[in-house]
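data.cif (mmCIF, C-alpha atoms)
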data_my_file
loop_
_atom_site.label_atom_id
_atom_site.label_comp_id
_atom_site.auth_asym_id
_atom_site.auth_seq_id
_atom_site.Cartn_x
_atom_site.Cartn_y
_atom_site.Cartn_z
CA MET T 255 109.83 86.16 73.03
CA GLU T 256 111.24 87.94 70.02
CA LYS T 257 109.29 87.88 66.76
CA ILE T 258 110.97 86.12 63.84
CA PRO T 259 110.86 88.52 60.89
CA THR T 260 111.16 86.09 57.96
CA LYS T 261 110.45 82.51 57.03
CA LYS T 262 114.11 82.09 56.01
CA GLU T 263 115.26 83.21 59.46
CA PHE T 264 112.77 80.84 61.10
CA ILE T 265 114.15 77.95 59.04
CA GLU T 266 117.69 78.90 60.06
CA ARG T 267 116.69 78.94 63.73
CA LEU T 268 115.10 75.50 63.34
CA LYS T 269 118.34 74.24 61.77
CA ASP T 270 120.29 75.68 64.72
CA THR T 271 117.93 73.97 67.14
CA SER T 272 118.35 70.72 65.23
CA ALA T 273 122.14 71.01 65.49
CA VAL T 274 121.85 71.41 69.27
CA GLU T 275 119.56 68.37 69.47
CA ILE T 276 122.04 66.32 67.42
CA LEU T 277 124.91 67.32 69.71
CA ALA T 278 122.85 66.48 72.79
CA ARG T 279 121.93 63.09 71.33
CA ARG T 280 125.60 62.32 70.64
CA GLY T 281 126.44 63.30 74.19
CA TYR T 282 123.86 60.91 75.64
CA GLU T 283 125.03 58.19 73.27
CA GLU T 284 128.61 58.60 74.48
CA ASP T 285 127.71 59.07 78.15
CA VAL T 286 125.49 55.99 78.39
CA ILE T 287 128.64 53.86 77.92
CA THR T 288 130.18 55.45 81.02
CA PHE T 289 127.57 54.20 83.47
CA LYS T 290 126.96 50.70 84.72
CA ASN T 291 123.85 51.51 86.76
CA PHE T 292 120.88 50.19 84.79
CA GLU T 293 118.52 52.90 86.03
CA ILE T 294 120.84 55.68 84.86
CA LYS T 295 121.53 53.95 81.54
CA ASP T 296 117.82 53.32 80.96
CA THR T 297 116.95 56.95 81.67
CA MET T 298 119.68 58.20 79.35
CA GLU T 299 118.47 55.84 76.61
CA LYS T 300 114.96 57.27 76.99
CA ILE T 301 116.30 60.81 76.71
CA LYS T 302 118.33 59.81 73.64
CA ALA T 303 115.20 58.34 72.05
CA GLU T 304 113.34 61.59 72.73
CA GLU T 305 116.17 63.52 71.08
CA ASP T 306 115.79 61.24 68.03
CA GLU T 307 112.10 62.15 67.88
CA HIS T 308 112.85 65.86 68.22
CA ILE T 309 115.44 65.68 65.45
CA GLU T 310 113.01 63.92 63.11
CA MET T 311 110.22 66.40 63.85
CA LEU T 312 112.55 69.32 63.19
CA LYS T 313 113.68 67.77 59.89
CA GLU T 314 110.06 67.32 58.83
CA LEU T 315 109.16 70.89 59.77
CA ILE T 316 112.19 72.29 57.96
CA ASN T 317 111.34 70.26 54.86
CA MET T 318 107.72 71.42 54.92
CA LEU T 319 108.76 75.07 55.23
CA GLU T 320 111.41 74.80 52.51
CA LYS T 321 108.97 73.14 50.09
CA ASN T 322 106.51 75.98 50.62
CA SER T 323 109.08 78.71 50.06
#
Any chance you could give the structure as structure tokens?
Amino acid sequence: MEKIPTKKEFIERLKDTSAVEILARRGYEEDVITFKNFEIKDTMEKIKAEEDEHIEMLKELINMLEKNS
């Protein structure tokens, strides 16, 4: 794993990760409509909920780091 040289760069990487999580969440949100199988839909809803949690945690971490800059 490569060392992150600055706090600013770390924050930017967290923002990039957040963007990926948001795109993934949108994808699950759109894809869940496609399926009729309850088991598949239920699993995708769980994954979407986990993405929501990840996004919130990333936002909190970014805010904490930016406040302490």
Nearest residue to His308 of chain T from the set T:Glu263, T:Asp270, T:Glu275, T:Glu256 (distances using all atoms listed in the file):
T:Glu275
Write out as AutoDock Vina command-line options an axis-aligned box for segment 296-301 of chain T: all of its atoms listed in the file, 5 Å added on each side, centre and edge lengths in Å with one decimal.
--center_x 117.3 --center_y 57.1 --center_z 79.1 --size_x 14.7 --size_y 17.5 --size_z 15.1
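One distance worth recording is that between atom CA of Glu293 of chain T and atom CA of Gly281 of chain T, which is 17.6 Å.
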Taking the file as shown, find all residues satisfying the PyMOL selection byres ((chain T and resi 269) around 12) and write them as a VMD selection string.
chain T and resid 262 to 268 270 to 276 308 to 317 319 to 320
Applied to the shown file, which residues does the PyMOL selection byres ((chain T and resi 303) around 12) return, written as a ChimeraX atom specification?
/T:275-276,278-280,282-283,296-302,304-310
What does the distance from atom CA of Pro259 of chain T to atom CA of Leu277 of chain T come to in Å, to one decimal?
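Separating atom CA of Pro259 of chain T from atom CA of Leu277 of chain T is a distance of 26.9 Å.
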Got a minute to add N, CA and C atoms to segment 285-313 of chain T and dump it as a PDB file, keeping the file's coordinate frame?
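See selection_21.pdb below for the written result:
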ATOM      1  N   ASP T 285     127.749  59.143  76.688  1.00  0.00           N
ATOM      2  CA  ASP T 285     127.710  59.070  78.150  1.00  0.00           C
ATOM      3  C   ASP T 285     127.094  57.771  78.667  1.00  0.00           C
ATOM      4  N   VAL T 286     126.165  57.198  77.921  1.00  0.00           N
ATOM      5  CA  VAL T 286     125.490  55.990  78.390  1.00  0.00           C
ATOM      6  C   VAL T 286     126.505  54.847  78.570  1.00  0.00           C
ATOM      7  N   ILE T 287     127.586  54.880  77.811  1.00  0.00           N
ATOM      8  CA  ILE T 287     128.640  53.860  77.920  1.00  0.00           C
ATOM      9  C   ILE T 287     129.365  53.976  79.254  1.00  0.00           C
ATOM     10  N   THR T 288     129.437  55.167  79.788  1.00  0.00           N
ATOM     11  CA  THR T 288     130.180  55.450  81.020  1.00  0.00           C
ATOM     12  C   THR T 288     129.562  54.782  82.247  1.00  0.00           C
ATOM     13  N   PHE T 289     128.258  54.659  82.265  1.00  0.00           N
ATOM     14  CA  PHE T 289     127.570  54.200  83.470  1.00  0.00           C
ATOM     15  C   PHE T 289     127.254  52.712  83.423  1.00  0.00           C
ATOM     16  N   LYS T 290     127.306  52.110  84.591  1.00  0.00           N
ATOM     17  CA  LYS T 290     126.960  50.700  84.720  1.00  0.00           C
ATOM     18  C   LYS T 290     125.586  50.530  85.372  1.00  0.00           C
ATOM     19  N   ASN T 291     125.141  51.547  86.078  1.00  0.00           N
ATOM     20  CA  ASN T 291     123.850  51.510  86.760  1.00  0.00           C
ATOM     21  C   ASN T 291     122.733  51.462  85.717  1.00  0.00           C
ATOM     22  N   PHE T 292     121.929  50.389  85.776  1.00  0.00           N
ATOM     23  CA  PHE T 292     120.880  50.190  84.790  1.00  0.00           C
ATOM     24  C   PHE T 292     119.870  51.336  84.780  1.00  0.00           C
ATOM     25  N   GLU T 293     119.516  51.833  85.945  1.00  0.00           N
ATOM     26  CA  GLU T 293     118.520  52.900  86.030  1.00  0.00           C
ATOM     27  C   GLU T 293     118.999  54.170  85.319  1.00  0.00           C
ATOM     28  N   ILE T 294     120.267  54.500  85.520  1.00  0.00           N
ATOM     29  CA  ILE T 294     120.840  55.680  84.860  1.00  0.00           C
ATOM     30  C   ILE T 294     120.909  55.441  83.353  1.00  0.00           C
ATOM     31  N   LYS T 295     121.410  54.268  82.960  1.00  0.00           N
ATOM     32  CA  LYS T 295     121.530  53.950  81.540  1.00  0.00           C
ATOM     33  C   LYS T 295     120.157  53.963  80.855  1.00  0.00           C
ATOM     34  N   ASP T 296     119.174  53.377  81.518  1.00  0.00           N
ATOM     35  CA  ASP T 296     117.820  53.320  80.960  1.00  0.00           C
ATOM     36  C   ASP T 296     117.246  54.718  80.771  1.00  0.00           C
ATOM     37  N   THR T 297     117.438  55.573  81.760  1.00  0.00           N
ATOM     38  CA  THR T 297     116.950  56.950  81.670  1.00  0.00           C
ATOM     39  C   THR T 297     117.642  57.699  80.542  1.00  0.00           C
ATOM     40  N   MET T 298     118.937  57.525  80.418  1.00  0.00           N
ATOM     41  CA  MET T 298     119.680  58.200  79.350  1.00  0.00           C
ATOM     42  C   MET T 298     119.249  57.675  77.977  1.00  0.00           C
ATOM     43  N   GLU T 299     118.960  56.402  77.874  1.00  0.00           N
ATOM     44  CA  GLU T 299     118.470  55.840  76.610  1.00  0.00           C
ATOM     45  C   GLU T 299     117.118  56.437  76.237  1.00  0.00           C
ATOM     46  N   LYS T 300     116.264  56.649  77.243  1.00  0.00           N
ATOM     47  CA  LYS T 300     114.960  57.270  76.990  1.00  0.00           C
ATOM     48  C   LYS T 300     115.132  58.702  76.493  1.00  0.00           C
ATOM     49  N   ILE T 301     116.037  59.422  77.122  1.00  0.00           N
ATOM     50  CA  ILE T 301     116.300  60.810  76.710  1.00  0.00           C
ATOM     51  C   ILE T 301     116.841  60.823  75.283  1.00  0.00           C
ATOM     52  N   LYS T 302     117.766  59.906  74.984  1.00  0.00           N
ATOM     53  CA  LYS T 302     118.330  59.810  73.640  1.00  0.00           C
ATOM     54  C   LYS T 302     117.235  59.531  72.610  1.00  0.00           C
ATOM     55  N   ALA T 303     116.315  58.653  72.955  1.00  0.00           N
ATOM     56  CA  ALA T 303     115.200  58.340  72.050  1.00  0.00           C
ATOM     57  C   ALA T 303     114.323  59.571  71.825  1.00  0.00           C
ATOM     58  N   GLU T 304     114.110  60.356  72.873  1.00  0.00           N
ATOM     59  CA  GLU T 304     113.340  61.590  72.730  1.00  0.00           C
ATOM     60  C   GLU T 304     114.064  62.585  71.813  1.00  0.00           C
ATOM     61  N   GLU T 305     115.381  62.642  71.954  1.00  0.00           N
ATOM     62  CA  GLU T 305     116.170  63.520  71.080  1.00  0.00           C
ATOM     63  C   GLU T 305     116.004  63.079  69.624  1.00  0.00           C
ATOM     64  N   ASP T 306     116.003  61.757  69.382  1.00  0.00           N
ATOM     65  CA  ASP T 306     115.790  61.240  68.030  1.00  0.00           C
ATOM     66  C   ASP T 306     114.454  61.736  67.470  1.00  0.00           C
ATOM     67  N   GLU T 307     113.421  61.681  68.304  1.00  0.00           N
ATOM     68  CA  GLU T 307     112.100  62.150  67.880  1.00  0.00           C
ATOM     69  C   GLU T 307     112.115  63.642  67.572  1.00  0.00           C
ATOM     70  N   HIS T 308     112.772  64.415  68.434  1.00  0.00           N
ATOM     71  CA  HIS T 308     112.850  65.860  68.220  1.00  0.00           C
ATOM     72  C   HIS T 308     113.569  66.167  66.905  1.00  0.00           C
ATOM     73  N   ILE T 309     114.656  65.462  66.661  1.00  0.00           N
ATOM     74  CA  ILE T 309     115.440  65.680  65.450  1.00  0.00           C
ATOM     75  C   ILE T 309     114.583  65.384  64.214  1.00  0.00           C
ATOM     76  N   GLU T 310     113.864  64.287  64.245  1.00  0.00           N
ATOM     77  CA  GLU T 310     113.010  63.920  63.110  1.00  0.00           C
ATOM     78  C   GLU T 310     111.897  64.949  62.896  1.00  0.00           C
ATOM     79  N   MET T 311     111.284  65.397  63.977  1.00  0.00           N
ATOM     80  CA  MET T 311     110.220  66.400  63.850  1.00  0.00           C
ATOM     81  C   MET T 311     110.761  67.706  63.267  1.00  0.00           C
ATOM     82  N   LEU T 312     111.945  68.105  63.722  1.00  0.00           N
ATOM     83  CA  LEU T 312     112.550  69.320  63.190  1.00  0.00           C
ATOM     84  C   LEU T 312     112.862  69.174  61.711  1.00  0.00           C
ATOM     85  N   LYS T 313     113.392  68.010  61.314  1.00  0.00           N
ATOM     86  CA  LYS T 313     113.680  67.770  59.890  1.00  0.00           C
ATOM     87  C   LYS T 313     112.399  67.878  59.062  1.00  0.00           C
TER      88      LYS T 313
END
